[in-house]
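File shown: coords15.cif. Contents: mmCIF, C-alpha atoms and all ligand atoms.
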data_input
loop_
_atom_site.group_PDB
_atom_site.id
_atom_site.type_symbol
_atom_site.label_atom_id
_atom_site.label_comp_id
_atom_site.auth_asym_id
_atom_site.auth_seq_id
_atom_site.Cartn_x
_atom_site.Cartn_y
_atom_site.Cartn_z
ATOM 1 C CA MET A 259 49.009 -100.498 -21.550
ATOM 2 C CA TYR A 260 49.984 -97.921 -18.942
ATOM 3 C CA GLN A 261 48.071 -97.257 -15.772
ATOM 4 C CA LEU A 262 47.003 -93.664 -15.195
ATOM 5 C CA ILE A 263 47.629 -92.425 -11.662
ATOM 6 C CA ASP A 264 44.392 -90.679 -10.741
ATOM 7 C CA GLY A 265 45.412 -88.081 -8.162
ATOM 8 C CA LYS A 266 41.967 -86.550 -8.134
ATOM 9 C CA ALA A 267 40.280 -89.834 -7.180
ATOM 10 C CA ILE A 268 42.942 -90.696 -4.587
ATOM 11 C CA SER A 269 42.691 -87.234 -3.048
ATOM 12 C CA GLU A 270 38.911 -87.647 -2.653
ATOM 13 C CA GLN A 271 39.431 -91.063 -1.079
ATOM 14 C CA VAL A 272 42.028 -89.737 1.398
ATOM 15 C CA LYS A 273 39.673 -86.877 2.320
ATOM 16 C CA LEU A 274 36.962 -89.413 3.159
ATOM 17 C CA GLU A 275 39.445 -91.299 5.354
ATOM 18 C CA ILE A 276 40.417 -88.080 7.144
ATOM 19 C CA ALA A 277 36.748 -87.141 7.633
ATOM 20 C CA GLU A 278 36.172 -90.549 9.190
ATOM 21 C CA GLU A 279 39.002 -89.996 11.695
ATOM 22 C CA VAL A 280 37.730 -86.528 12.534
ATOM 23 C CA LYS A 281 34.306 -87.968 13.227
ATOM 24 C CA LEU A 282 35.825 -90.492 15.640
ATOM 25 C CA MET A 283 37.737 -87.709 17.418
ATOM 26 C CA VAL A 284 34.666 -85.540 17.763
ATOM 27 C CA ASP A 285 32.500 -88.493 18.867
ATOM 28 C CA ALA A 286 35.105 -89.132 21.563
ATOM 29 C CA GLY A 287 34.585 -85.584 22.852
ATOM 30 C CA LYS A 288 37.682 -83.956 21.341
ATOM 31 C CA ARG A 289 37.576 -80.726 19.371
ATOM 32 C CA PRO A 290 38.135 -81.076 15.610
ATOM 33 C CA PRO A 291 41.587 -80.332 14.148
ATOM 34 C CA HIS A 292 42.114 -76.608 13.591
ATOM 35 C CA LEU A 293 44.234 -75.094 10.799
ATOM 36 C CA ALA A 294 44.956 -71.386 10.320
ATOM 37 C CA VAL A 295 46.138 -69.891 7.054
ATOM 38 C CA ILE A 296 47.821 -66.503 6.878
ATOM 39 C CA ILE A 297 47.658 -64.698 3.556
ATOM 40 C CA VAL A 298 49.389 -61.403 2.800
ATOM 41 C CA GLY A 299 48.235 -59.165 -0.067
ATOM 42 C CA HIS A 300 46.053 -60.119 -3.030
ATOM 43 C CA ASP A 301 48.130 -62.377 -5.275
ATOM 44 C CA GLY A 302 45.575 -64.149 -7.505
ATOM 45 C CA GLY A 303 47.208 -67.564 -7.335
ATOM 46 C CA SER A 304 47.618 -67.391 -3.548
ATOM 47 C CA GLU A 305 43.997 -66.319 -3.005
ATOM 48 C CA THR A 306 42.800 -69.288 -5.061
ATOM 49 C CA TYR A 307 45.049 -71.754 -3.197
ATOM 50 C CA VAL A 308 43.989 -70.421 0.189
ATOM 51 C CA ALA A 309 40.302 -70.626 -0.770
ATOM 52 C CA HIS A 310 40.854 -74.278 -1.752
ATOM 53 C CA LYS A 311 42.622 -75.010 1.522
ATOM 54 C CA VAL A 312 39.805 -73.470 3.579
ATOM 55 C CA LYS A 313 37.175 -75.362 1.575
ATOM 56 C CA SER A 314 39.027 -78.661 1.974
ATOM 57 C CA CYS A 315 39.120 -78.143 5.749
ATOM 58 C CA GLU A 316 35.347 -77.811 5.710
ATOM 59 C CA GLN A 317 34.968 -80.976 3.642
ATOM 60 C CA VAL A 318 36.778 -83.103 6.226
ATOM 61 C CA GLY A 319 35.296 -81.452 9.313
ATOM 62 C CA PHE A 320 38.318 -79.372 10.380
ATOM 63 C CA LYS A 321 37.965 -75.917 11.824
ATOM 64 C CA SER A 322 39.842 -73.342 9.752
ATOM 65 C CA THR A 323 40.754 -69.722 10.296
ATOM 66 C CA LYS A 324 41.858 -67.416 7.509
ATOM 67 C CA ILE A 325 43.950 -64.440 8.578
ATOM 68 C CA ALA A 326 44.391 -61.844 5.833
ATOM 69 C CA PHE A 327 46.858 -58.953 5.912
ATOM 70 C CA GLU A 328 47.248 -56.179 3.355
ATOM 71 C CA ALA A 329 50.474 -56.244 1.317
ATOM 72 C CA ASN A 330 51.877 -53.318 3.319
ATOM 73 C CA VAL A 331 51.830 -55.173 6.665
ATOM 74 C CA THR A 332 55.204 -54.864 8.379
ATOM 75 C CA GLU A 333 57.423 -57.863 9.027
ATOM 76 C CA ALA A 334 57.170 -57.124 12.754
ATOM 77 C CA GLU A 335 53.361 -57.219 12.662
ATOM 78 C CA LEU A 336 53.401 -60.524 10.812
ATOM 79 C CA LEU A 337 55.945 -62.032 13.212
ATOM 80 C CA SER A 338 53.845 -60.874 16.133
ATOM 81 C CA LYS A 339 50.767 -62.672 14.729
ATOM 82 C CA ILE A 340 52.856 -65.827 14.209
ATOM 83 C CA ASN A 341 54.012 -65.630 17.786
ATOM 84 C CA GLU A 342 50.409 -65.418 18.915
ATOM 85 C CA LEU A 343 49.442 -68.465 16.831
ATOM 86 C CA ASN A 344 52.443 -70.402 18.179
ATOM 87 C CA ARG A 345 51.025 -69.959 21.697
ATOM 88 C CA ASP A 346 47.347 -70.611 20.827
ATOM 89 C CA ASN A 347 46.353 -73.940 22.387
ATOM 90 C CA GLU A 348 43.161 -74.100 20.336
ATOM 91 C CA LEU A 349 45.170 -74.174 17.116
ATOM 92 C CA ASP A 350 46.947 -77.306 15.875
ATOM 93 C CA GLY A 351 48.824 -75.990 12.872
ATOM 94 C CA PHE A 352 49.154 -73.009 10.576
ATOM 95 C CA ILE A 353 50.796 -71.920 7.375
ATOM 96 C CA VAL A 354 51.848 -68.617 5.879
ATOM 97 C CA GLN A 355 50.969 -68.671 2.192
ATOM 98 C CA LEU A 356 53.976 -67.860 -0.003
ATOM 99 C CA PRO A 357 55.184 -65.800 -1.816
ATOM 100 C CA LEU A 358 55.346 -62.822 0.550
ATOM 101 C CA PRO A 359 55.896 -59.179 -0.445
ATOM 102 C CA LYS A 360 59.578 -58.325 -0.957
ATOM 103 C CA HIS A 361 59.950 -56.285 2.242
ATOM 104 C CA ILE A 362 59.267 -59.402 4.335
ATOM 105 C CA SER A 363 61.885 -62.148 4.738
ATOM 106 C CA GLU A 364 60.271 -65.501 3.943
ATOM 107 C CA GLN A 365 63.046 -67.373 5.708
ATOM 108 C CA LYS A 366 62.618 -65.323 8.866
ATOM 109 C CA VAL A 367 58.883 -65.948 8.776
ATOM 110 C CA ILE A 368 59.288 -69.707 8.278
ATOM 111 C CA GLU A 369 61.819 -69.961 11.090
ATOM 112 C CA SER A 370 59.565 -68.043 13.458
ATOM 113 C CA ILE A 371 56.857 -70.727 13.221
ATOM 114 C CA ASP A 372 56.920 -73.275 16.076
ATOM 115 C CA TYR A 373 58.009 -76.407 14.223
ATOM 116 C CA HIS A 374 55.342 -78.436 16.069
ATOM 117 C CA LYS A 375 52.738 -76.352 14.204
ATOM 118 C CA ASP A 376 54.584 -76.090 10.882
ATOM 119 C CA VAL A 377 52.175 -78.234 8.861
ATOM 120 C CA ASP A 378 53.781 -76.968 5.619
ATOM 121 C CA GLY A 379 56.981 -78.753 6.702
ATOM 122 C CA PHE A 380 59.112 -75.777 5.647
ATOM 123 C CA HIS A 381 60.858 -75.138 8.986
ATOM 124 C CA PRO A 382 64.516 -76.239 8.967
ATOM 125 C CA VAL A 383 63.822 -78.500 11.967
ATOM 126 C CA ASN A 384 61.190 -80.400 9.966
ATOM 127 C CA VAL A 385 63.393 -80.501 6.869
ATOM 128 C CA GLY A 386 66.283 -81.835 8.971
ATOM 129 C CA ARG A 387 64.118 -84.370 10.765
ATOM 130 C CA MET A 388 62.735 -85.567 7.439
ATOM 131 C CA SER A 389 66.218 -86.057 6.067
ATOM 132 C CA ILE A 390 67.284 -88.257 9.003
ATOM 133 C CA GLY A 391 64.008 -90.180 9.102
ATOM 134 C CA LEU A 392 62.517 -88.777 12.326
ATOM 135 C CA PRO A 393 58.789 -88.063 12.789
ATOM 136 C CA CYS A 394 58.096 -84.724 11.098
ATOM 137 C CA TYR A 395 55.803 -82.822 8.801
ATOM 138 C CA VAL A 396 56.749 -83.623 5.205
ATOM 139 C CA SER A 397 55.961 -80.786 2.811
ATOM 140 C CA ALA A 398 52.906 -81.084 0.620
ATOM 141 C CA THR A 399 54.244 -82.087 -2.800
ATOM 142 C CA PRO A 400 56.697 -84.815 -1.734
ATOM 143 C CA TYR A 401 54.107 -86.154 0.711
ATOM 144 C CA GLY A 402 51.543 -86.294 -2.111
ATOM 145 C CA ILE A 403 53.964 -88.112 -4.417
ATOM 146 C CA LEU A 404 54.714 -90.751 -1.758
ATOM 147 C CA GLU A 405 51.011 -91.281 -1.154
ATOM 148 C CA LEU A 406 50.382 -91.875 -4.870
ATOM 149 C CA ILE A 407 53.285 -94.325 -5.089
ATOM 150 C CA LYS A 408 51.895 -96.212 -2.071
ATOM 151 C CA ARG A 409 48.289 -96.283 -3.223
ATOM 152 C CA TYR A 410 49.308 -97.690 -6.614
ATOM 153 C CA ASN A 411 51.836 -100.114 -5.077
ATOM 154 C CA ILE A 412 54.561 -98.892 -7.401
ATOM 155 C CA PRO A 413 57.702 -100.912 -6.570
ATOM 156 C CA THR A 414 60.577 -98.761 -5.277
ATOM 157 C CA SER A 415 62.982 -101.124 -3.480
ATOM 158 C CA GLY A 416 66.276 -101.333 -5.371
ATOM 159 C CA LYS A 417 64.808 -99.369 -8.274
ATOM 160 C CA ASN A 418 66.617 -96.579 -10.069
ATOM 161 C CA CYS A 419 64.805 -93.344 -9.322
ATOM 162 C CA VAL A 420 65.805 -90.230 -11.233
ATOM 163 C CA VAL A 421 64.647 -86.887 -9.870
ATOM 164 C CA ILE A 422 64.877 -83.992 -12.318
ATOM 165 C CA GLY A 423 65.082 -80.721 -10.398
ATOM 166 C CA ARG A 424 66.743 -79.796 -7.106
ATOM 167 C CA SER A 425 64.350 -77.302 -5.515
ATOM 168 C CA ASN A 426 64.025 -77.114 -1.749
ATOM 169 C CA ILE A 427 60.298 -77.836 -1.912
ATOM 170 C CA VAL A 428 60.269 -80.823 -4.289
ATOM 171 C CA GLY A 429 63.531 -82.139 -5.773
ATOM 172 C CA LYS A 430 65.669 -82.281 -2.630
ATOM 173 C CA PRO A 431 63.030 -83.673 -0.254
ATOM 174 C CA ILE A 432 61.644 -86.291 -2.650
ATOM 175 C CA ALA A 433 65.183 -87.490 -3.439
ATOM 176 C CA SER A 434 65.847 -87.828 0.272
ATOM 177 C CA LEU A 435 62.575 -89.679 0.907
ATOM 178 C CA MET A 436 62.983 -92.097 -2.007
ATOM 179 C CA MET A 437 66.356 -93.236 -0.661
ATOM 180 C CA GLN A 438 65.133 -93.718 2.903
ATOM 181 C CA LYS A 439 64.839 -97.216 4.384
ATOM 182 C CA GLY A 440 61.479 -98.921 3.880
ATOM 183 C CA TYR A 441 58.587 -98.408 1.500
ATOM 184 C CA PRO A 442 58.152 -96.192 -0.445
ATOM 185 C CA GLY A 443 61.915 -95.811 -0.459
ATOM 186 C CA ASP A 444 64.948 -98.081 -0.690
ATOM 187 C CA ALA A 445 65.505 -96.685 -4.181
ATOM 188 C CA THR A 446 68.824 -95.804 -5.773
ATOM 189 C CA VAL A 447 68.347 -92.106 -6.349
ATOM 190 C CA THR A 448 70.006 -89.799 -8.859
ATOM 191 C CA VAL A 449 69.254 -86.076 -8.853
ATOM 192 C CA CYS A 450 69.621 -84.262 -12.172
ATOM 193 C CA HIS A 451 69.558 -80.499 -12.684
ATOM 194 C CA SER A 452 70.463 -77.753 -15.122
ATOM 195 C CA ARG A 453 74.201 -78.558 -14.946
ATOM 196 C CA THR A 454 73.812 -82.334 -15.372
ATOM 197 C CA LYS A 455 75.638 -83.919 -18.276
ATOM 198 C CA ASN A 456 74.164 -86.933 -20.136
ATOM 199 C CA LEU A 457 70.723 -86.306 -18.701
ATOM 200 C CA LYS A 458 69.085 -88.435 -21.381
ATOM 201 C CA GLU A 459 71.351 -91.428 -20.672
ATOM 202 C CA ILE A 460 70.703 -91.139 -16.943
ATOM 203 C CA CYS A 461 66.929 -90.964 -17.483
ATOM 204 C CA LEU A 462 67.066 -94.031 -19.731
ATOM 205 C CA GLN A 463 68.350 -96.035 -16.720
ATOM 206 C CA ALA A 464 65.406 -94.971 -14.568
ATOM 207 C CA ASP A 465 62.633 -97.232 -13.336
ATOM 208 C CA ILE A 466 60.985 -94.165 -11.792
ATOM 209 C CA ILE A 467 61.314 -90.610 -13.087
ATOM 210 C CA ILE A 468 60.109 -87.694 -10.977
ATOM 211 C CA ALA A 469 60.082 -84.593 -13.179
ATOM 212 C CA ALA A 470 60.075 -81.429 -11.094
ATOM 213 C CA LEU A 471 61.960 -78.795 -13.025
ATOM 214 C CA GLY A 472 59.097 -76.570 -14.197
ATOM 215 C CA GLN A 473 59.806 -76.739 -17.923
ATOM 216 C CA PRO A 474 56.713 -77.637 -19.942
ATOM 217 C CA GLY A 475 57.136 -80.796 -22.026
ATOM 218 C CA PHE A 476 60.784 -81.303 -21.016
ATOM 219 C CA LEU A 477 60.666 -85.108 -20.735
ATOM 220 C CA SER A 478 60.231 -86.759 -24.131
ATOM 221 C CA ALA A 479 59.711 -90.406 -25.090
ATOM 222 C CA ASP A 480 63.346 -90.902 -26.169
ATOM 223 C CA MET A 481 64.423 -90.264 -22.542
ATOM 224 C CA VAL A 482 62.186 -92.939 -21.013
ATOM 225 C CA LYS A 483 62.820 -96.663 -20.646
ATOM 226 C CA GLU A 484 60.039 -99.092 -21.559
ATOM 227 C CA GLY A 485 58.028 -99.909 -18.411
ATOM 228 C CA ALA A 486 59.171 -96.906 -16.367
ATOM 229 C CA SER A 487 56.877 -95.043 -13.968
ATOM 230 C CA VAL A 488 56.696 -91.286 -14.464
ATOM 231 C CA ILE A 489 55.578 -88.722 -11.899
ATOM 232 C CA ASP A 490 55.024 -85.273 -13.409
ATOM 233 C CA VAL A 491 55.260 -82.457 -10.874
ATOM 234 C CA GLY A 492 55.225 -79.618 -13.432
ATOM 235 C CA THR A 493 52.388 -77.109 -13.214
ATOM 236 C CA THR A 494 53.434 -74.255 -15.450
ATOM 237 C CA ARG A 495 50.685 -71.879 -16.554
ATOM 238 C CA VAL A 496 50.811 -71.510 -20.325
ATOM 239 C CA PRO A 497 48.544 -69.257 -22.414
ATOM 240 C CA SER A 498 45.578 -71.054 -23.972
ATOM 241 C CA GLU A 499 42.666 -69.888 -26.098
ATOM 242 C CA LYS A 500 40.606 -72.916 -25.148
ATOM 243 C CA THR A 501 40.019 -72.073 -21.483
ATOM 244 C CA LYS A 502 37.997 -69.332 -19.808
ATOM 245 C CA SER A 503 40.924 -68.295 -17.629
ATOM 246 C CA GLY A 504 43.154 -67.817 -20.682
ATOM 247 C CA PHE A 505 45.732 -70.362 -19.514
ATOM 248 C CA ARG A 506 46.133 -74.069 -18.944
ATOM 249 C CA LEU A 507 48.483 -76.079 -16.727
ATOM 250 C CA SER A 508 51.329 -77.782 -18.511
ATOM 251 C CA GLY A 509 53.387 -80.586 -17.002
ATOM 252 C CA ASP A 510 57.107 -81.276 -17.456
ATOM 253 C CA VAL A 511 56.330 -84.445 -19.449
ATOM 254 C CA LYS A 512 55.224 -84.851 -23.060
ATOM 255 C CA PHE A 513 52.366 -87.029 -21.884
ATOM 256 C CA ASP A 514 51.043 -88.256 -25.228
ATOM 257 C CA GLU A 515 54.350 -89.691 -26.397
ATOM 258 C CA VAL A 516 55.727 -90.773 -22.996
ATOM 259 C CA ALA A 517 52.605 -92.532 -21.608
ATOM 260 C CA PRO A 518 52.625 -95.514 -24.047
ATOM 261 C CA LYS A 519 56.091 -96.506 -22.744
ATOM 262 C CA CYS A 520 55.101 -96.334 -19.058
ATOM 263 C CA SER A 521 53.846 -98.743 -16.408
ATOM 264 C CA PHE A 522 52.394 -95.851 -14.422
ATOM 265 C CA ILE A 523 52.116 -92.143 -15.224
ATOM 266 C CA THR A 524 50.483 -89.084 -13.647
ATOM 267 C CA PRO A 525 48.458 -86.672 -15.779
ATOM 268 C CA VAL A 526 48.602 -82.870 -15.459
ATOM 269 C CA PRO A 527 46.227 -81.671 -14.204
ATOM 270 C CA GLY A 528 44.747 -84.369 -11.975
ATOM 271 C CA GLY A 529 47.947 -86.123 -10.865
ATOM 272 C CA VAL A 530 50.201 -84.733 -8.136
ATOM 273 C CA GLY A 531 48.334 -81.395 -7.885
ATOM 274 C CA PRO A 532 45.173 -82.567 -6.083
ATOM 275 C CA MET A 533 47.315 -84.479 -3.560
ATOM 276 C CA THR A 534 49.074 -81.407 -2.190
ATOM 277 C CA ILE A 535 46.104 -80.025 -0.251
ATOM 278 C CA VAL A 536 45.377 -83.504 1.080
ATOM 279 C CA SER A 537 48.945 -83.578 2.433
ATOM 280 C CA LEU A 538 48.282 -80.372 4.330
ATOM 281 C CA LEU A 539 45.138 -81.920 5.813
ATOM 282 C CA LYS A 540 47.072 -85.064 6.775
ATOM 283 C CA ASN A 541 49.731 -82.971 8.493
ATOM 284 C CA THR A 542 47.077 -80.992 10.356
ATOM 285 C CA LEU A 543 45.510 -84.233 11.541
ATOM 286 C CA LEU A 544 48.952 -85.403 12.739
ATOM 287 C CA ALA A 545 49.343 -82.095 14.576
ATOM 288 C CA ALA A 546 45.948 -82.481 16.247
ATOM 289 C CA LYS A 547 46.881 -85.976 17.362
ATOM 290 C CA LYS A 548 50.175 -84.578 18.725
ATOM 291 C CA GLU A 549 52.093 -87.223 16.842
ATOM 292 C CA ILE A 550 55.015 -84.945 16.045
ATOM 293 C CA TYR A 551 56.923 -84.219 19.222
HETATM 294 N N1 LIG B 1 52.785 -71.317 -2.154
HETATM 295 C C1 LIG B 1 52.780 -72.284 -3.107
HETATM 296 N N2 LIG B 1 52.728 -73.503 -2.539
HETATM 297 C C2 LIG B 1 52.703 -73.312 -1.208
HETATM 298 C C3 LIG B 1 52.649 -74.197 -0.094
HETATM 299 O O1 LIG B 1 52.626 -75.426 -0.204
HETATM 300 N N3 LIG B 1 52.621 -73.601 1.125
HETATM 301 C C4 LIG B 1 52.669 -72.260 1.282
HETATM 302 N N4 LIG B 1 52.656 -71.770 2.525
HETATM 303 N N5 LIG B 1 52.729 -71.409 0.279
HETATM 304 C C5 LIG B 1 52.743 -71.937 -0.960
#
Would you mind writing the structure in this file as structure tokens?
Amino acid sequence: MYQLIDGKAISEQVKLEIAEEVKLMVDAGKRPPHLAVIIVGHDGGSETYVAHKVKSCEQVGFKSTKIAFEANVTEAELLSKINELNRDNELDGFIVQLPLPKHISEQKVIESIDYHKDVDGFHPVNVGRMSIGLPCYVSATPYGILELIKRYNIPTSGKNCVVIGRSNIVGKPIASLMMQKGYPGDATVTVCHSRTKNLKEICLQADIIIAALGQPGFLSADMVKEGASVIDVGTTRVPSEKTKSGFRLSGDVKFDEVAPKCSFITPVPGGVGPMTIVSLLKNTLLAAKKEIY
């Protein structure tokens, strides 16, 4: 029988732990951690995510500031606000919600953030530090995956870990983290992508499969070894008549047929998803404690 990795429950537990630490900080006379979120325009998905982030800050006792710009804000105006936040001593960390309108360079924006305050972990300094194992902010999804692996004590040392997908925000960083010394790491990592040959054979060797390619139902039972652990990072919106919103989230794994072969498996929704906001909170707490130098 497989064990279901309950990301929702773990995320609630981690929030309680963070709230406890915040209480200790405040009791000791410090100000609570402070996160700012910049949002540009009115993208529906982004507005929902930002609302969740602000609400989660409240739940753990952080101060949060939402800074909203209209979609026609100039790049210079946005960069000027970032510069101001970089210098604000009452602010521990901030993020600029992506995607941005086309006339603004996302890369320029990310690189203009002081890496000490880059709690999204998107700045090249943080990405570089992560890849050589220095203290840094790890971006939300890989951080969330590591936390789930730890909390369920999933063995990783010497295990074959296959990552499907090579994106900058999930595939590349999680591959790098899984091969790092220590736990959760010490795995033998293979990264597969759209040009990979023999993908099925490679997956069949895997003790851990991390599916992060964004193709609903891509991983089927015939690609999974008996006893493997499967982490499903897919969150594709597919049309559905059964929900009020008119869509449902679909993972990259055919859960019903894959789960019976697994030791551990994440559901979608309720697996990796709920952990991502918790990662942002964890990074903000690290920032407030000045643990990233
Ligand atoms: N858009 C989708 N996910 C993210 C994220 O983790 N951070 C930011 N800033 N924007 C996003």
As a quick test: using all atoms listed in the file, which residues lie no more than 6 Å away from ligand LIG 1 (chain B)? Give them as a PDB file with C-alpha atoms, keeping the file's coordinate frame.
ATOM      1  CA  ILE A 353      50.796 -71.920   7.375  1.00  0.00           C
ATOM      2  CA  VAL A 354      51.848 -68.617   5.879  1.00  0.00           C
ATOM      3  CA  GLN A 355      50.969 -68.671   2.192  1.00  0.00           C
ATOM      4  CA  LEU A 356      53.976 -67.860  -0.003  1.00  0.00           C
ATOM      5  CA  ASP A 378      53.781 -76.968   5.619  1.00  0.00           C
ATOM      6  CA  ALA A 398      52.906 -81.084   0.620  1.00  0.00           C
TER       7      ALA A 398
END
Please list as a PyMOL selection string every residue within 8 Å of Ser508 of chain A, counting only C-alpha atoms and excluding residues in the same chain fewer than 6 positions away. chain A and resi 474-475+492-496+526-527
Given the PyMOL selection byres (((chain A and resi 394) around 10) and not hetatm), the residues it picks as a ChimeraX atom specification: /A:373-374,376-377,379,383-389,391-393,395-397,541,544-545,549-551
Shell around Arg453 of chain A at 12 Å using all atoms listed in the file, local window under 2 positions removed, as a list in words: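 Skipping anything fewer than 2 positions along the chain leaves Ile422, Gly423, Arg424, Val449, Cys450, His451, Lys455, Asn456 and Leu457 of chain A.
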Min atom-atom distance to Val511 of chain A from the set A:Ser478, A:Ser498, A:Ser338, A:Gln463, counting all atoms listed in the file, belongs to A:Ser478
Could you list the residues chosen by the PyMOL selection byres (((chain A and resi 361) around 9) and not hetatm) in this structure as a list in words?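 So the PyMOL selection byres (((chain A and resi 361) around 9) and not hetatm), applied here, picks out Asn330, Thr332, Glu333, Leu358, Pro359, Lys360, Ile362 and Ser363 of chain A.
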Close residues, Leu337 of chain A itself excluded, 12 Å, all atoms listed in the file, min 5 positions apart in chain, as a VMD selection string: chain A and resid 296 331 to 332 342 to 344 354 362 to 372
Picked residues, the PyMOL selection byres (((chain A and resi 528) around 12) and not hetatm), expected as a PyMOL selection string: chain A and resi 262-270+406+489-493+507-509+523-527+529-534
One decimal, in Å: what's the spacing between atom CA of Ile407 of chain A and atom CA of Lys540 of chain A? 16.3 Å
Polymer residues at most 8 Å from Val488 of chain A, all atoms listed in the file, same-chain spacing of 6 or more positions, as an mmCIF file with C-alpha atoms, keeping the file's coordinate frame:
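Saved to result_23.cif:
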data_model
loop_
_atom_site.group_PDB
_atom_site.id
_atom_site.type_symbol
_atom_site.label_atom_id
_atom_site.label_comp_id
_atom_site.auth_asym_id
_atom_site.auth_seq_id
_atom_site.Cartn_x
_atom_site.Cartn_y
_atom_site.Cartn_z
ATOM 1 C CA ILE A 466 60.985 -94.165 -11.792
ATOM 2 C CA ILE A 467 61.314 -90.610 -13.087
ATOM 3 C CA ILE A 468 60.109 -87.694 -10.977
ATOM 4 C CA ALA A 469 60.082 -84.593 -13.179
ATOM 5 C CA CYS A 520 55.101 -96.334 -19.058
ATOM 6 C CA PHE A 522 52.394 -95.851 -14.422
ATOM 7 C CA ILE A 523 52.116 -92.143 -15.224
ATOM 8 C CA THR A 524 50.483 -89.084 -13.647
#
Given all atoms listed in the file as the basis, pick out the residue of A:Leu293, A:Leu336, A:Met259, A:Ala286 nearest to Ala486 of chain A.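 Going through A:Leu293, A:Leu336, A:Met259, A:Ala286 one by one, the smallest distance to Ala486 of chain A is for A:Met259.
Nearest to Val420 of chain A of all the residues A:Lys273, A:Lys439, A:Ser487, A:Ala479 is A:Ser487, counting only C-alpha atoms.
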How big is the axis-aligned box around all listed atoms of segment 297-302 of chain A once 6 Å goes on each side, and where's its centre, in Å to one decimal, as AutoDock Vina command-line options?
--center_x 47.5 --center_y -61.9 --center_z -2.0 --size_x 15.8 --size_y 17.5 --size_z 23.1
Any idea what the distance is between atom CA of Lys548 of chain A and atom CA of Lys324 of chain A?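 Between atom CA of Lys548 of chain A and atom CA of Lys324 of chain A the gap works out to 22.1 Å.
Computed from the coordinates, the atom CA of Val447 of chain A to atom CA of Cys419 of chain A distance equals 4.8 Å.
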Go through A:Phe352, A:Phe327, A:Phe476, A:Tyr307 and flag the residue nearest Val516 of chain A, using all atoms listed in the file for the distances. A:Phe476
Can you work out which one of A:Gly351, A:Gly402, A:Gly429, A:Pro357 has the shortest atom-to-atom distance to Val272 of chain A, counting only C-alpha atoms?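 Of A:Gly351, A:Gly402, A:Gly429, A:Pro357, the one nearest Val272 of chain A, counting only C-alpha atoms, is A:Gly402.
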Using all atoms listed in the file, pick whichever of A:Gly472, A:Pro291, A:Pro431, A:Pro413 has the shortest atom-to-atom distance to Asp444 of chain A.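 Comparing A:Gly472, A:Pro291, A:Pro431, A:Pro413 against Asp444 of chain A, the winner is A:Pro413.
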